[in-house]
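Shown next: my_file-v1.pdb, given as PDB, C-alpha atoms.
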MODEL        1
ATOM      1  CA  MET A   1     -72.246  -8.150  28.683  1.00  0.00           C
ATOM      2  CA  SER A   2     -74.144  -5.669  26.547  1.00  0.00           C
ATOM      3  CA  LYS A   3     -75.717  -6.703  23.266  1.00  0.00           C
ATOM      4  CA  PRO A   4     -73.379  -4.450  21.159  1.00  0.00           C
ATOM      5  CA  ALA A   5     -70.319  -6.003  22.846  1.00  0.00           C
ATOM      6  CA  ARG A   6     -71.577  -9.553  22.155  1.00  0.00           C
ATOM      7  CA  THR A   7     -72.344  -8.651  18.538  1.00  0.00           C
ATOM      8  CA  SER A   8     -68.930  -7.062  18.105  1.00  0.00           C
ATOM      9  CA  GLY A   9     -67.231 -10.136  19.605  1.00  0.00           C
ATOM     10  CA  ARG A  10     -69.182 -12.488  17.364  1.00  0.00           C
ATOM     11  CA  SER A  11     -68.347 -10.386  14.313  1.00  0.00           C
ATOM     12  CA  TRP A  12     -64.658 -10.512  15.188  1.00  0.00           C
ATOM     13  CA  LEU A  13     -64.797 -14.294  15.658  1.00  0.00           C
ATOM     14  CA  CYS A  14     -66.522 -14.721  12.289  1.00  0.00           C
ATOM     15  CA  LEU A  15     -63.838 -12.628  10.588  1.00  0.00           C
ATOM     16  CA  VAL A  16     -61.058 -14.714  12.148  1.00  0.00           C
ATOM     17  CA  ILE A  17     -62.725 -17.967  11.100  1.00  0.00           C
ATOM     18  CA  LEU A  18     -63.322 -16.646   7.590  1.00  0.00           C
ATOM     19  CA  ALA A  19     -59.734 -15.438   7.241  1.00  0.00           C
ATOM     20  CA  THR A  20     -58.252 -18.776   8.292  1.00  0.00           C
ATOM     21  CA  ALA A  21     -60.759 -20.870   6.358  1.00  0.00           C
ATOM     22  CA  CYS A  22     -60.062 -19.100   3.058  1.00  0.00           C
ATOM     23  CA  ASN A  23     -56.728 -20.891   2.751  1.00  0.00           C
ATOM     24  CA  PRO A  24     -57.003 -24.130   4.736  1.00  0.00           C
ATOM     25  CA  VAL A  25     -54.229 -25.957   2.851  1.00  0.00           C
ATOM     26  CA  PHE A  26     -51.246 -23.613   2.966  1.00  0.00           C
ATOM     27  CA  HIS A  27     -49.593 -22.576   6.225  1.00  0.00           C
ATOM     28  CA  PRO A  28     -46.302 -20.985   5.179  1.00  0.00           C
ATOM     29  CA  ASP A  29     -43.536 -20.002   7.522  1.00  0.00           C
ATOM     30  CA  THR A  30     -42.804 -16.596   6.041  1.00  0.00           C
ATOM     31  CA  GLU A  31     -39.532 -15.973   7.888  1.00  0.00           C
ATOM     32  CA  PRO A  32     -36.421 -16.320   5.703  1.00  0.00           C
ATOM     33  CA  PRO A  33     -33.986 -19.088   6.608  1.00  0.00           C
ATOM     34  CA  SER A  34     -30.915 -18.149   8.582  1.00  0.00           C
ATOM     35  CA  ALA A  35     -28.005 -17.578   6.201  1.00  0.00           C
ATOM     36  CA  ALA A  36     -25.595 -18.630   8.953  1.00  0.00           C
ATOM     37  CA  VAL A  37     -27.380 -21.965   9.418  1.00  0.00           C
ATOM     38  CA  ALA A  38     -27.389 -22.584   5.658  1.00  0.00           C
ATOM     39  CA  ARG A  39     -23.677 -21.793   5.346  1.00  0.00           C
ATOM     40  CA  GLY A  40     -22.914 -23.888   8.424  1.00  0.00           C
ATOM     41  CA  ALA A  41     -24.586 -26.846   6.739  1.00  0.00           C
ATOM     42  CA  GLY A  42     -22.532 -26.203   3.592  1.00  0.00           C
ATOM     43  CA  PHE A  43     -25.350 -24.855   1.425  1.00  0.00           C
ATOM     44  CA  ALA A  44     -25.085 -21.941  -0.957  1.00  0.00           C
ATOM     45  CA  GLU A  45     -28.083 -19.658  -1.175  1.00  0.00           C
ATOM     46  CA  ILE A  46     -29.238 -19.447  -4.784  1.00  0.00           C
ATOM     47  CA  THR A  47     -32.126 -17.738  -6.545  1.00  0.00           C
ATOM     48  CA  TYR A  48     -34.195 -18.600  -9.574  1.00  0.00           C
ATOM     49  CA  ARG A  49     -36.925 -16.796 -11.453  1.00  0.00           C
ATOM     50  CA  THR A  50     -40.374 -18.260 -12.031  1.00  0.00           C
ATOM     51  CA  ALA A  51     -42.279 -18.015 -15.312  1.00  0.00           C
ATOM     52  CA  ASP A  52     -44.606 -15.447 -13.719  1.00  0.00           C
ATOM     53  CA  GLY A  53     -41.735 -13.210 -12.631  1.00  0.00           C
ATOM     54  CA  LEU A  54     -41.047 -14.052  -8.978  1.00  0.00           C
ATOM     55  CA  THR A  55     -37.487 -14.468  -7.742  1.00  0.00           C
ATOM     56  CA  LEU A  56     -37.322 -17.295  -5.205  1.00  0.00           C
ATOM     57  CA  SER A  57     -34.463 -18.227  -2.899  1.00  0.00           C
ATOM     58  CA  ALA A  58     -33.382 -21.812  -2.329  1.00  0.00           C
ATOM     59  CA  LEU A  59     -30.375 -23.714  -0.966  1.00  0.00           C
ATOM     60  CA  HIS A  60     -27.970 -25.832  -3.015  1.00  0.00           C
ATOM     61  CA  ARG A  61     -25.033 -28.183  -2.527  1.00  0.00           C
ATOM     62  CA  GLU A  62     -23.331 -29.844  -5.478  1.00  0.00           C
ATOM     63  CA  ALA A  63     -23.068 -33.600  -5.922  1.00  0.00           C
ATOM     64  CA  ALA A  64     -19.775 -35.431  -5.666  1.00  0.00           C
ATOM     65  CA  GLY A  65     -18.440 -37.681  -8.398  1.00  0.00           C
ATOM     66  CA  GLY A  66     -21.391 -37.607 -10.771  1.00  0.00           C
ATOM     67  CA  LEU A  67     -23.965 -38.749  -8.208  1.00  0.00           C
ATOM     68  CA  PRO A  68     -27.569 -37.568  -8.612  1.00  0.00           C
ATOM     69  CA  THR A  69     -28.942 -34.356  -7.183  1.00  0.00           C
ATOM     70  CA  ILE A  70     -31.993 -34.582  -4.936  1.00  0.00           C
ATOM     71  CA  VAL A  71     -34.537 -31.806  -5.429  1.00  0.00           C
ATOM     72  CA  TYR A  72     -36.312 -31.575  -2.083  1.00  0.00           C
ATOM     73  CA  PHE A  73     -39.824 -30.103  -2.129  1.00  0.00           C
ATOM     74  CA  HIS A  74     -40.611 -29.373   1.518  1.00  0.00           C
ATOM     75  CA  GLY A  75     -43.876 -29.807   3.353  1.00  0.00           C
ATOM     76  CA  ASN A  76     -46.233 -27.287   4.867  1.00  0.00           C
ATOM     77  CA  ALA A  77     -45.776 -25.031   7.910  1.00  0.00           C
ATOM     78  CA  GLY A  78     -42.066 -24.522   7.371  1.00  0.00           C
ATOM     79  CA  HIS A  79     -39.582 -23.572   4.706  1.00  0.00           C
ATOM     80  CA  HIS A  80     -36.554 -24.912   2.846  1.00  0.00           C
ATOM     81  CA  GLY A  81     -34.099 -23.815   5.543  1.00  0.00           C
ATOM     82  CA  HIS A  82     -35.778 -26.065   8.102  1.00  0.00           C
ATOM     83  CA  ARG A  83     -34.935 -29.136   6.017  1.00  0.00           C
ATOM     84  CA  ALA A  84     -31.139 -28.685   5.821  1.00  0.00           C
ATOM     85  CA  GLY A  85     -30.526 -31.051   8.740  1.00  0.00           C
ATOM     86  CA  LEU A  86     -32.995 -33.660   7.488  1.00  0.00           C
ATOM     87  CA  ILE A  87     -31.306 -33.917   4.107  1.00  0.00           C
ATOM     88  CA  GLN A  88     -27.744 -33.848   5.496  1.00  0.00           C
ATOM     89  CA  PRO A  89     -27.229 -37.660   5.375  1.00  0.00           C
ATOM     90  CA  TYR A  90     -27.845 -37.648   1.623  1.00  0.00           C
ATOM     91  CA  HIS A  91     -25.248 -34.985   1.041  1.00  0.00           C
ATOM     92  CA  ASP A  92     -22.823 -36.765   3.374  1.00  0.00           C
ATOM     93  CA  ALA A  93     -23.201 -39.761   1.031  1.00  0.00           C
ATOM     94  CA  GLY A  94     -22.205 -37.560  -1.934  1.00  0.00           C
ATOM     95  CA  TYR A  95     -25.593 -36.648  -3.385  1.00  0.00           C
ATOM     96  CA  GLY A  96     -26.244 -33.109  -4.509  1.00  0.00           C
ATOM     97  CA  VAL A  97     -29.154 -31.324  -2.877  1.00  0.00           C
ATOM     98  CA  LEU A  98     -31.420 -28.523  -4.038  1.00  0.00           C
ATOM     99  CA  LEU A  99     -33.719 -27.434  -1.216  1.00  0.00           C
ATOM    100  CA  ALA A 100     -36.398 -25.819  -3.349  1.00  0.00           C
ATOM    101  CA  SER A 101     -38.875 -23.345  -1.969  1.00  0.00           C
ATOM    102  CA  TYR A 102     -42.222 -21.856  -2.835  1.00  0.00           C
ATOM    103  CA  ARG A 103     -43.815 -18.455  -3.154  1.00  0.00           C
ATOM    104  CA  GLY A 104     -44.888 -17.137   0.238  1.00  0.00           C
ATOM    105  CA  TYR A 105     -42.588 -19.507   2.148  1.00  0.00           C
ATOM    106  CA  GLY A 106     -39.212 -18.700   3.689  1.00  0.00           C
ATOM    107  CA  GLY A 107     -39.239 -14.990   2.930  1.00  0.00           C
ATOM    108  CA  ASN A 108     -40.093 -15.501  -0.740  1.00  0.00           C
ATOM    109  CA  PRO A 109     -42.543 -13.100  -2.425  1.00  0.00           C
ATOM    110  CA  GLY A 110     -46.047 -14.079  -3.477  1.00  0.00           C
ATOM    111  CA  SER A 111     -48.842 -16.146  -1.985  1.00  0.00           C
ATOM    112  CA  PRO A 112     -49.041 -19.937  -2.163  1.00  0.00           C
ATOM    113  CA  ALA A 113     -51.577 -21.623  -4.420  1.00  0.00           C
ATOM    114  CA  GLU A 114     -51.519 -24.987  -6.181  1.00  0.00           C
ATOM    115  CA  ALA A 115     -50.725 -23.619  -9.648  1.00  0.00           C
ATOM    116  CA  GLY A 116     -48.072 -21.318  -8.187  1.00  0.00           C
ATOM    117  CA  LEU A 117     -46.310 -24.167  -6.404  1.00  0.00           C
ATOM    118  CA  TYR A 118     -46.112 -26.062  -9.694  1.00  0.00           C
ATOM    119  CA  THR A 119     -44.676 -22.952 -11.360  1.00  0.00           C
ATOM    120  CA  ASP A 120     -42.109 -22.775  -8.551  1.00  0.00           C
ATOM    121  CA  GLY A 121     -41.220 -26.451  -9.000  1.00  0.00           C
ATOM    122  CA  ARG A 122     -40.636 -25.926 -12.719  1.00  0.00           C
ATOM    123  CA  ALA A 123     -38.357 -22.973 -11.967  1.00  0.00           C
ATOM    124  CA  ALA A 124     -36.295 -25.109  -9.568  1.00  0.00           C
ATOM    125  CA  LEU A 125     -35.863 -27.829 -12.202  1.00  0.00           C
ATOM    126  CA  ASP A 126     -35.026 -25.234 -14.855  1.00  0.00           C
ATOM    127  CA  TRP A 127     -32.310 -23.828 -12.567  1.00  0.00           C
ATOM    128  CA  LEU A 128     -30.887 -27.320 -12.066  1.00  0.00           C
ATOM    129  CA  ALA A 129     -30.856 -28.011 -15.821  1.00  0.00           C
ATOM    130  CA  ALA A 130     -29.184 -24.641 -16.471  1.00  0.00           C
ATOM    131  CA  ASN A 131     -26.501 -25.719 -13.992  1.00  0.00           C
ATOM    132  CA  ARG A 132     -25.767 -28.880 -15.971  1.00  0.00           C
ATOM    133  CA  VAL A 133     -27.646 -31.468 -13.933  1.00  0.00           C
ATOM    134  CA  PRO A 134     -29.431 -33.668 -16.481  1.00  0.00           C
ATOM    135  CA  PRO A 135     -32.781 -35.368 -15.831  1.00  0.00           C
ATOM    136  CA  SER A 136     -30.950 -38.714 -15.642  1.00  0.00           C
ATOM    137  CA  ARG A 137     -29.256 -37.448 -12.453  1.00  0.00           C
ATOM    138  CA  THR A 138     -32.275 -35.659 -10.949  1.00  0.00           C
ATOM    139  CA  VAL A 139     -34.188 -37.269  -8.078  1.00  0.00           C
ATOM    140  CA  LEU A 140     -37.369 -35.598  -6.850  1.00  0.00           C
ATOM    141  CA  TYR A 141     -38.100 -35.879  -3.127  1.00  0.00           C
ATOM    142  CA  GLY A 142     -41.453 -34.607  -1.896  1.00  0.00           C
ATOM    143  CA  GLU A 143     -42.436 -34.276   1.743  1.00  0.00           C
ATOM    144  CA  SER A 144     -46.154 -33.957   2.609  1.00  0.00           C
ATOM    145  CA  LEU A 145     -47.339 -30.867   0.681  1.00  0.00           C
ATOM    146  CA  GLY A 146     -44.217 -31.194  -1.473  1.00  0.00           C
ATOM    147  CA  THR A 147     -45.318 -34.637  -2.683  1.00  0.00           C
ATOM    148  CA  GLY A 148     -47.931 -32.946  -4.858  1.00  0.00           C
ATOM    149  CA  VAL A 149     -45.268 -30.746  -6.434  1.00  0.00           C
ATOM    150  CA  ALA A 150     -42.880 -33.687  -6.896  1.00  0.00           C
ATOM    151  CA  VAL A 151     -45.523 -35.870  -8.552  1.00  0.00           C
ATOM    152  CA  GLN A 152     -46.619 -33.071 -10.892  1.00  0.00           C
ATOM    153  CA  MET A 153     -43.005 -32.406 -11.905  1.00  0.00           C
ATOM    154  CA  ALA A 154     -42.468 -36.139 -12.555  1.00  0.00           C
ATOM    155  CA  VAL A 155     -45.583 -36.164 -14.757  1.00  0.00           C
ATOM    156  CA  GLU A 156     -44.290 -33.209 -16.770  1.00  0.00           C
ATOM    157  CA  ARG A 157     -40.576 -34.005 -16.998  1.00  0.00           C
ATOM    158  CA  PRO A 158     -38.299 -37.023 -17.106  1.00  0.00           C
ATOM    159  CA  VAL A 159     -36.386 -37.683 -13.877  1.00  0.00           C
ATOM    160  CA  ALA A 160     -34.244 -40.523 -12.543  1.00  0.00           C
ATOM    161  CA  ALA A 161     -36.485 -41.257  -9.548  1.00  0.00           C
ATOM    162  CA  ILE A 162     -39.117 -39.872  -7.215  1.00  0.00           C
ATOM    163  CA  VAL A 163     -39.394 -40.289  -3.434  1.00  0.00           C
ATOM    164  CA  LEU A 164     -42.612 -39.464  -1.576  1.00  0.00           C
ATOM    165  CA  GLN A 165     -42.540 -38.976   2.196  1.00  0.00           C
ATOM    166  CA  SER A 166     -45.950 -38.713   3.885  1.00  0.00           C
ATOM    167  CA  PRO A 167     -47.966 -38.175   0.711  1.00  0.00           C
ATOM    168  CA  PHE A 168     -51.613 -37.172   0.867  1.00  0.00           C
ATOM    169  CA  THR A 169     -54.420 -38.875  -1.021  1.00  0.00           C
ATOM    170  CA  SER A 170     -56.835 -35.951  -1.010  1.00  0.00           C
ATOM    171  CA  VAL A 171     -57.080 -32.387   0.246  1.00  0.00           C
ATOM    172  CA  VAL A 172     -60.869 -32.397   0.522  1.00  0.00           C
TER     173      VAL A 172
ENDMDL
END
Rewrite the structure of this file - the entire thing - as structure tokens.
Amino acid sequence: MSKPARTSGRSWLCLVILATACNPVFHPDTEPPSAAVARGAGFAEITYRTADGLTLSALHREAAGGLPTIVYFHGNAGHHGHRAGLIQPYHDAGYGVLLASYRGYGGNPGSPAEAGLYTDGRAALDWLAANRVPPSRTVLYGESLGTGVAVQMAVERPVAAIVLQSPFTSVV
């Protein structure tokens, strides 16, 4: 192989490594969830606006008989639509469910970053409050990456409970 070809190949490899290393934490699935799957699971697609002007889509099912609503903050490498089946047993038991989403995930605009995910979490809780679900009936459920969002929201706002599935202790 000629020296220019080797140099070009090495340059390309360095660019790929640099591009993937710049954001080692977030691996969003950027495809939007299937509306048919969401409807089939009984969810309504809703939208809410973040404080910095993004409109995010999420999935919602109301609670039965005054039971709490679970706000599910999903993990990495997926989106809110992938979690509809996982959360189904809670809704079958009568709990409401808000499958929240983040910027850059599930067809939503923007790029993920820690501060942005917190902004997105606040917008989800604001939407729930505007739809008459009080903090005393709000349960935060964080999965993996979503545990950071759930914990931050619980620090900032009163909630009935918090559930952490596969939390991380450090990202460094």
Check which residues satisfy the PyMOL selection byres ((chain A and resi 137) around 9) in the file shown, then give them as JSON, numbers by chain.
{"A": [66, 67, 68, 69, 70, 133, 134, 135, 136, 138, 139, 159, 160, 161]}
Which polymer residues have any atom within 10 Å of an atom of His91 of chain A, counting only C-alpha atoms, with same-chain residues fewer than 3 positions away left out, as a list of chain:residue names?
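What passes the distance filter is A:Ala41, A:Gly42, A:Arg61, A:Glu62, A:Ala63, A:Ala64, A:Thr69, A:Ile70, A:Ala84, A:Ile87, A:Gln88, A:Gly94, A:Tyr95, A:Gly96, A:Val97.
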Select, counting only C-alpha atoms, all protein, DNA and RNA residues no farther than 9 Å from (-49.4, -23.5, -3.6) in file coordinates, and express the selection as a PyMOL selection string.
chain A and resi 25-26+102-104+111-118+120+145+149
Which residue is closest to Asn76 of chain A? Choose from A:Ser101, A:Thr47, A:Ser57, A:Asn108 and count all atoms listed in the file.
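Smallest distance to Asn76 of chain A is found for A:Ser101.
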All residues 7 Å or closer to Pro167 of chain A, only C-alpha atoms, same chain fewer than 6 positions away omitted, as a ChimeraX atom specification:
/A:143-144,147
Within 7 Å of (-37.1, -26.8, -0.8) (coordinates as in the file), grab all the protein and nucleic acid residues, counting only C-alpha atoms, and write them out as a list in words.
Ala58, Tyr72, Phe73, His74, His79, His80, Leu98, Leu99, Ala100 and Ser101 of chain A
